[in-house]
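Have a look at my_file-v2.cif below; it lists mmCIF, C-alpha atoms.
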```cif
data_start
loop_
_atom_site.group_PDB
_atom_site.id
_atom_site.type_symbol
_atom_site.label_atom_id
_atom_site.label_comp_id
_atom_site.auth_asym_id
_atom_site.auth_seq_id
_atom_site.Cartn_x
_atom_site.Cartn_y
_atom_site.Cartn_z
ATOM 1 C CA MET Q 1484 -72.668 -75.430 -34.767
ATOM 2 C CA THR Q 1485 -71.469 -76.281 -31.296
ATOM 3 C CA GLU Q 1486 -71.284 -79.774 -29.942
ATOM 4 C CA PRO Q 1487 -73.362 -80.647 -26.904
ATOM 5 C CA ALA Q 1488 -71.513 -80.387 -23.617
ATOM 6 C CA THR Q 1489 -70.455 -83.648 -22.103
ATOM 7 C CA ASP Q 1490 -70.694 -84.373 -18.429
ATOM 8 C CA PRO Q 1491 -67.105 -84.469 -17.092
ATOM 9 C CA VAL Q 1492 -68.197 -86.381 -13.976
ATOM 10 C CA PRO Q 1493 -67.966 -90.138 -14.541
ATOM 11 C CA THR Q 1494 -71.128 -92.066 -13.894
ATOM 12 C CA GLN Q 1495 -71.091 -94.333 -10.879
ATOM 13 C CA THR Q 1496 -72.033 -97.918 -11.571
ATOM 14 C CA LYS Q 1497 -73.893 -99.930 -9.015
ATOM 15 C CA GLY Q 1498 -72.260 -102.871 -7.337
ATOM 16 C CA THR Q 1499 -68.650 -103.721 -6.705
ATOM 17 C CA PRO Q 1500 -66.139 -103.871 -9.564
ATOM 18 C CA PRO Q 1501 -65.111 -107.514 -10.093
ATOM 19 C CA MET Q 1502 -61.415 -106.559 -10.139
ATOM 20 C CA LEU Q 1503 -61.725 -105.180 -6.598
ATOM 21 C CA ILE Q 1504 -63.112 -108.508 -5.393
ATOM 22 C CA VAL Q 1505 -60.303 -110.336 -7.218
ATOM 23 C CA LEU Q 1506 -57.686 -108.165 -5.486
ATOM 24 C CA ILE Q 1507 -59.312 -108.728 -2.087
ATOM 25 C CA LEU Q 1508 -59.442 -112.490 -2.622
ATOM 26 C CA PHE Q 1509 -55.840 -112.541 -3.861
ATOM 27 C CA SER Q 1510 -54.630 -110.669 -0.776
ATOM 28 C CA VAL Q 1511 -56.633 -112.934 1.555
ATOM 29 C CA THR Q 1512 -55.355 -116.083 -0.168
ATOM 30 C CA LEU Q 1513 -51.761 -114.879 0.077
ATOM 31 C CA ALA Q 1514 -52.278 -114.203 3.788
ATOM 32 C CA ALA Q 1515 -53.729 -117.687 4.337
ATOM 33 C CA VAL Q 1516 -50.858 -119.379 2.491
ATOM 34 C CA ALA Q 1517 -48.453 -117.225 4.518
ATOM 35 C CA GLN Q 1518 -50.025 -118.531 7.734
ATOM 36 C CA LEU Q 1519 -49.652 -122.113 6.531
ATOM 37 C CA ALA Q 1520 -45.995 -121.542 5.597
ATOM 38 C CA LEU Q 1521 -45.284 -119.918 8.970
ATOM 39 C CA LYS Q 1522 -46.958 -122.769 10.844
ATOM 40 C CA HIS Q 1523 -45.029 -125.390 8.889
ATOM 41 C CA GLY Q 1524 -41.804 -123.461 9.453
ATOM 42 C CA MET Q 1525 -42.413 -123.184 13.189
ATOM 43 C CA ASN Q 1526 -43.214 -126.918 13.379
ATOM 44 C CA LEU Q 1527 -39.807 -127.533 11.778
ATOM 45 C CA VAL Q 1528 -38.189 -125.101 14.228
ATOM 46 C CA ASN Q 1529 -39.687 -126.988 17.174
ATOM 47 C CA ASP Q 1530 -38.510 -130.287 15.653
ATOM 48 C CA GLU Q 1531 -34.982 -128.913 15.461
ATOM 49 C CA LEU Q 1532 -35.101 -127.505 19.001
ATOM 50 C CA ALA Q 1533 -36.602 -130.662 20.535
ATOM 51 C CA PRO Q 1534 -36.970 -131.506 23.338
ATOM 52 C CA GLN Q 1535 -37.249 -127.728 23.874
ATOM 53 C CA THR Q 1536 -39.802 -125.576 22.055
ATOM 54 C CA PHE Q 1537 -39.444 -122.125 20.574
ATOM 55 C CA SER Q 1538 -38.967 -119.219 22.958
ATOM 56 C CA LEU Q 1539 -37.601 -115.716 22.579
ATOM 57 C CA ASN Q 1540 -33.950 -116.495 23.199
ATOM 58 C CA GLY Q 1541 -30.799 -116.573 21.104
ATOM 59 C CA PRO Q 1542 -30.753 -120.272 20.142
ATOM 60 C CA SER Q 1543 -34.441 -120.267 19.156
ATOM 61 C CA LEU Q 1544 -34.136 -117.075 17.134
ATOM 62 C CA ARG Q 1545 -31.091 -118.460 15.295
ATOM 63 C CA VAL Q 1546 -33.080 -121.545 14.270
ATOM 64 C CA VAL Q 1547 -36.010 -119.390 13.127
ATOM 65 C CA ALA Q 1548 -33.674 -117.138 11.134
ATOM 66 C CA GLY Q 1549 -32.415 -120.190 9.258
ATOM 67 C CA GLN Q 1550 -35.861 -121.596 8.465
ATOM 68 C CA PRO Q 1551 -36.859 -121.009 4.790
ATOM 69 C CA PHE Q 1552 -40.578 -121.632 5.397
ATOM 70 C CA VAL Q 1553 -40.641 -118.842 7.976
ATOM 71 C CA TRP Q 1554 -38.963 -116.474 5.499
ATOM 72 C CA GLY Q 1555 -41.353 -117.610 2.762
ATOM 73 C CA GLY Q 1556 -44.343 -116.958 5.014
ATOM 74 C CA LEU Q 1557 -43.062 -113.496 5.895
ATOM 75 C CA PHE Q 1558 -42.489 -112.737 2.210
ATOM 76 C CA LEU Q 1559 -46.042 -113.824 1.351
ATOM 77 C CA PHE Q 1560 -47.392 -111.637 4.161
ATOM 78 C CA GLY Q 1561 -45.481 -108.705 2.704
ATOM 79 C CA LEU Q 1562 -46.868 -109.398 -0.756
ATOM 80 C CA SER Q 1563 -50.357 -109.716 0.702
ATOM 81 C CA ALA Q 1564 -49.915 -106.337 2.402
ATOM 82 C CA LEU Q 1565 -48.892 -104.693 -0.877
ATOM 83 C CA VAL Q 1566 -51.996 -106.044 -2.620
ATOM 84 C CA TRP Q 1567 -54.050 -104.925 0.396
ATOM 85 C CA LEU Q 1568 -52.734 -101.377 -0.065
ATOM 86 C CA VAL Q 1569 -54.160 -101.393 -3.596
ATOM 87 C CA VAL Q 1570 -57.479 -102.629 -2.181
ATOM 88 C CA LEU Q 1571 -57.535 -99.861 0.436
ATOM 89 C CA SER Q 1572 -56.880 -97.263 -2.258
ATOM 90 C CA ARG Q 1573 -60.079 -98.380 -4.007
ATOM 91 C CA ALA Q 1574 -62.497 -99.320 -1.228
ATOM 92 C CA SER Q 1575 -63.528 -98.220 2.224
ATOM 93 C CA LEU Q 1576 -62.017 -100.121 5.109
ATOM 94 C CA SER Q 1577 -65.469 -101.063 6.414
ATOM 95 C CA PHE Q 1578 -66.138 -102.789 3.079
ATOM 96 C CA ALA Q 1579 -62.755 -104.461 2.551
ATOM 97 C CA TYR Q 1580 -61.761 -105.569 6.051
ATOM 98 C CA PRO Q 1581 -64.543 -108.110 6.682
ATOM 99 C CA PHE Q 1582 -63.152 -110.105 3.739
ATOM 100 C CA ALA Q 1583 -60.028 -110.717 5.832
ATOM 101 C CA ALA Q 1584 -62.159 -113.229 7.777
ATOM 102 C CA LEU Q 1585 -61.923 -115.451 4.704
ATOM 103 C CA THR Q 1586 -58.410 -116.278 5.872
ATOM 104 C CA TYR Q 1587 -59.974 -118.211 8.737
ATOM 105 C CA VAL Q 1588 -62.288 -120.022 6.315
ATOM 106 C CA LEU Q 1589 -59.388 -120.996 4.040
ATOM 107 C CA ILE Q 1590 -57.308 -122.263 6.970
ATOM 108 C CA LEU Q 1591 -60.232 -124.328 8.242
ATOM 109 C CA LEU Q 1592 -60.794 -125.865 4.792
ATOM 110 C CA PHE Q 1593 -57.082 -126.665 4.547
ATOM 111 C CA ASP Q 1594 -57.165 -128.310 7.980
ATOM 112 C CA GLN Q 1595 -60.155 -130.466 7.030
ATOM 113 C CA PHE Q 1596 -59.301 -131.474 3.478
ATOM 114 C CA VAL Q 1597 -55.499 -131.328 3.239
ATOM 115 C CA LEU Q 1598 -54.315 -132.077 6.751
ATOM 116 C CA ASP Q 1599 -57.273 -134.414 7.352
ATOM 117 C CA GLU Q 1600 -57.897 -132.909 10.787
ATOM 118 C CA THR Q 1601 -61.287 -133.130 12.446
ATOM 119 C CA VAL Q 1602 -63.129 -129.820 12.494
ATOM 120 C CA PRO Q 1603 -65.910 -129.688 15.104
ATOM 121 C CA PRO Q 1604 -69.455 -128.824 13.960
ATOM 122 C CA LEU Q 1605 -69.544 -125.655 16.051
ATOM 123 C CA ARG Q 1606 -66.501 -124.358 14.169
ATOM 124 C CA TRP Q 1607 -68.252 -125.087 10.851
ATOM 125 C CA ALA Q 1608 -71.261 -123.136 12.128
ATOM 126 C CA GLY Q 1609 -68.994 -120.193 12.895
ATOM 127 C CA VAL Q 1610 -67.562 -120.355 9.381
ATOM 128 C CA ALA Q 1611 -71.089 -120.375 7.967
ATOM 129 C CA PHE Q 1612 -71.816 -117.141 9.852
ATOM 130 C CA ILE Q 1613 -68.595 -115.644 8.515
ATOM 131 C CA GLY Q 1614 -69.654 -116.599 4.993
ATOM 132 C CA VAL Q 1615 -73.095 -115.044 5.395
ATOM 133 C CA GLY Q 1616 -71.543 -111.868 6.785
ATOM 134 C CA ILE Q 1617 -69.116 -111.574 3.888
ATOM 135 C CA ILE Q 1618 -71.927 -112.106 1.372
ATOM 136 C CA LEU Q 1619 -73.938 -109.335 3.040
ATOM 137 C CA VAL Q 1620 -70.974 -106.952 3.091
ATOM 138 C CA SER Q 1621 -70.178 -107.682 -0.576
ATOM 139 C CA GLN Q 1622 -73.671 -106.527 -1.550
ATOM 140 C CA THR Q 1623 -73.023 -103.003 -0.264
ATOM 141 C CA GLN Q 1624 -71.268 -100.167 -2.064
ATOM 142 C CA HIS Q 1625 -67.501 -100.295 -1.693
ATOM 143 C CA THR Q 1626 -66.916 -96.582 -1.067
#
```

Once you've parsed the file, please lay out its structure as structure tokens.
Amino acid sequence: MTEPATDPVPTQTKGTPPMLIVLILFSVTLAAVAQLALKHGMNLVNDELAPQTFSLNGPSLRVVAGQPFVWGGLFLFGLSALVWLVVLSRASLSFAYPFAALTYVLILLFDQFVLDETVPPLRWAGVAFIGVGIILVSQTQHT
């Protein structure tokens, strides 16, 4: 008696695998934290250079090279890029890339709730559109 043949082609499930979304969100969060670290580092650079501000010259570049927050931000960007490579190996660019807009959303939330900066209503409206767009994109197939 022979066993029934099995289909060697894996079945495609509908929707997006949750792990893919987790990787996308992890990469985006790392990129947002990298931006915050870079901004803080550059604020410290300008404080050290005062009354001058940063420019592309020797003294400015030496101060930047000695700023740990700048190095930390660059490291986080590198880590974010490595995670992003995993994402790109599993999803189409047209699916994954719109999620990068979440970086803007995270920065705006940080500005409002951590730095206690005023965020104008029009900017909130823009973030709402970004959110709707990301929700729509997430409902499509990832390949």

TODO: Any chance you could resolve the PyMOL selection byres ((chain Q and resi 1590) around 12) against this file and give the residues as a ChimeraX atom specification?
DONE: /Q:1511-1520,1522,1583-1589,1591-1598,1600,1602,1606-1607,1610

Task: Neighbour list for Val1547 (chain Q) as a PyMOL selection string, cut-off 10 Å, all atoms listed in the file, skip fewer than 4 positions in-chain - done: chain Q and resi 1524-1525+1527-1529+1531+1537+1541-1543+1551-1554

Open item on the list: Report as a list in words all protein, DNA and RNA residues lying within 8 Å of Ala1579 (chain Q), evaluated on only C-alpha atoms, omitting residues in the same chain fewer than 4 positions from it.
Closed with: Ile1507, Val1570, Leu1571, Ala1574, Ser1575, Ala1583 and His1625 of chain Q

Open item on the list: Nearest residue to Leu1619 (chain Q) out of Q:Phe1560, Q:Phe1509, Q:Phe1582, Q:Trp1567, using all atoms listed in the file?
Closed with: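 Smallest distance to Leu1619 (chain Q) is found for Q:Phe1582.
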
Task: Interatomic distance, CA of Ser1510 (chain Q) to CA of Gln1550 (chain Q) (Å, one decimal) - done: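 CA of Ser1510 (chain Q) sits 23.6 Å away from CA of Gln1550 (chain Q).
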
Task: Length of the CA of Ser1538 (chain Q) to CA of Gly1555 (chain Q) vector [Å] - done: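 For CA of Ser1538 (chain Q) relative to CA of Gly1555 (chain Q), the distance reads 20.4 Å.
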
TODO: Can you work out which one of Q:Arg1573, Q:Asp1530, Q:Pro1603, Q:Gly1556 has the shortest atom-to-atom distance to Pro1500 (chain Q), counting all atoms listed in the file?
DONE: Q:Arg1573

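Shortest separation to Ala1564 (chain Q) among Q:Leu1521, Q:Leu1539, Q:Ala1608, Q:Leu1506 occurs at residue Q:Leu1506, atoms counted being only C-alpha atoms.
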
Complete region 1508-1538 of chain Q with N, CA and C atoms (output as a compact mmCIF listing (two decimals), in the frame of the given file).
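Everything below was put into selection-v4.txt:
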```txt
# COMPACT_ATOMS: atom_id res chain seq x y z
N LEU Q 1508 -59.61 -111.04 -2.76
CA LEU Q 1508 -59.44 -112.49 -2.62
C LEU Q 1508 -57.98 -112.91 -2.79
N PHE Q 1509 -57.26 -112.24 -3.67
CA PHE Q 1509 -55.84 -112.54 -3.86
C PHE Q 1509 -55.06 -112.22 -2.59
N SER Q 1510 -55.32 -111.06 -2.01
CA SER Q 1510 -54.63 -110.67 -0.78
C SER Q 1510 -54.95 -111.65 0.35
N VAL Q 1511 -56.21 -112.01 0.49
CA VAL Q 1511 -56.63 -112.93 1.56
C VAL Q 1511 -56.00 -114.31 1.35
N THR Q 1512 -55.96 -114.77 0.11
CA THR Q 1512 -55.36 -116.08 -0.17
C THR Q 1512 -53.86 -116.07 0.13
N LEU Q 1513 -53.19 -114.99 -0.26
CA LEU Q 1513 -51.76 -114.88 0.08
C LEU Q 1513 -51.55 -114.91 1.59
N ALA Q 1514 -52.41 -114.22 2.33
CA ALA Q 1514 -52.28 -114.20 3.79
C ALA Q 1514 -52.51 -115.60 4.37
N ALA Q 1515 -53.46 -116.34 3.84
CA ALA Q 1515 -53.73 -117.69 4.34
C ALA Q 1515 -52.55 -118.62 4.04
N VAL Q 1516 -52.01 -118.54 2.84
CA VAL Q 1516 -50.86 -119.38 2.49
C VAL Q 1516 -49.65 -118.97 3.35
N ALA Q 1517 -49.53 -117.68 3.63
CA ALA Q 1517 -48.45 -117.22 4.52
C ALA Q 1517 -48.59 -117.86 5.90
N GLN Q 1518 -49.79 -117.90 6.43
CA GLN Q 1518 -50.02 -118.53 7.73
C GLN Q 1518 -49.62 -120.00 7.70
N LEU Q 1519 -50.00 -120.69 6.64
CA LEU Q 1519 -49.65 -122.11 6.53
C LEU Q 1519 -48.14 -122.31 6.45
N ALA Q 1520 -47.45 -121.45 5.70
CA ALA Q 1520 -46.00 -121.54 5.60
C ALA Q 1520 -45.35 -121.26 6.95
N LEU Q 1521 -45.84 -120.23 7.65
CA LEU Q 1521 -45.28 -119.92 8.97
C LEU Q 1521 -45.50 -121.07 9.95
N LYS Q 1522 -46.68 -121.65 9.93
CA LYS Q 1522 -46.96 -122.77 10.84
C LYS Q 1522 -46.05 -123.96 10.54
N HIS Q 1523 -45.91 -124.28 9.27
CA HIS Q 1523 -45.03 -125.39 8.89
C HIS Q 1523 -43.58 -125.08 9.31
N GLY Q 1524 -43.16 -123.85 9.07
CA GLY Q 1524 -41.80 -123.46 9.45
C GLY Q 1524 -41.59 -123.56 10.95
N MET Q 1525 -42.57 -123.12 11.73
CA MET Q 1525 -42.41 -123.18 13.19
C MET Q 1525 -42.47 -124.62 13.70
N ASN Q 1526 -43.24 -125.49 13.02
CA ASN Q 1526 -43.21 -126.92 13.38
C ASN Q 1526 -41.81 -127.48 13.16
N LEU Q 1527 -41.17 -127.08 12.05
CA LEU Q 1527 -39.81 -127.53 11.78
C LEU Q 1527 -38.82 -126.96 12.79
N VAL Q 1528 -39.04 -125.72 13.20
CA VAL Q 1528 -38.19 -125.10 14.23
C VAL Q 1528 -38.29 -125.90 15.52
N ASN Q 1529 -39.52 -126.21 15.94
CA ASN Q 1529 -39.69 -126.99 17.17
C ASN Q 1529 -39.07 -128.37 17.05
N ASP Q 1530 -39.15 -128.98 15.87
CA ASP Q 1530 -38.51 -130.29 15.65
C ASP Q 1530 -37.00 -130.17 15.86
N GLU Q 1531 -36.43 -129.10 15.34
CA GLU Q 1531 -34.98 -128.91 15.46
C GLU Q 1531 -34.56 -128.59 16.89
N LEU Q 1532 -35.42 -127.89 17.62
CA LEU Q 1532 -35.10 -127.50 19.00
C LEU Q 1532 -35.42 -128.60 20.02
N ALA Q 1533 -36.13 -129.62 19.61
CA ALA Q 1533 -36.60 -130.66 20.54
C ALA Q 1533 -35.45 -131.17 21.38
N PRO Q 1534 -35.68 -131.43 22.64
CA PRO Q 1534 -36.97 -131.51 23.34
C PRO Q 1534 -37.51 -130.14 23.78
N GLN Q 1535 -36.76 -129.07 23.55
CA GLN Q 1535 -37.25 -127.73 23.87
C GLN Q 1535 -38.24 -127.29 22.80
N THR Q 1536 -38.96 -126.21 23.07
CA THR Q 1536 -39.80 -125.58 22.06
C THR Q 1536 -39.34 -124.14 21.89
N PHE Q 1537 -39.85 -123.49 20.88
CA PHE Q 1537 -39.44 -122.12 20.57
C PHE Q 1537 -39.72 -121.19 21.74
N SER Q 1538 -38.78 -120.31 22.01
CA SER Q 1538 -38.97 -119.22 22.96
C SER Q 1538 -38.12 -118.05 22.46
```
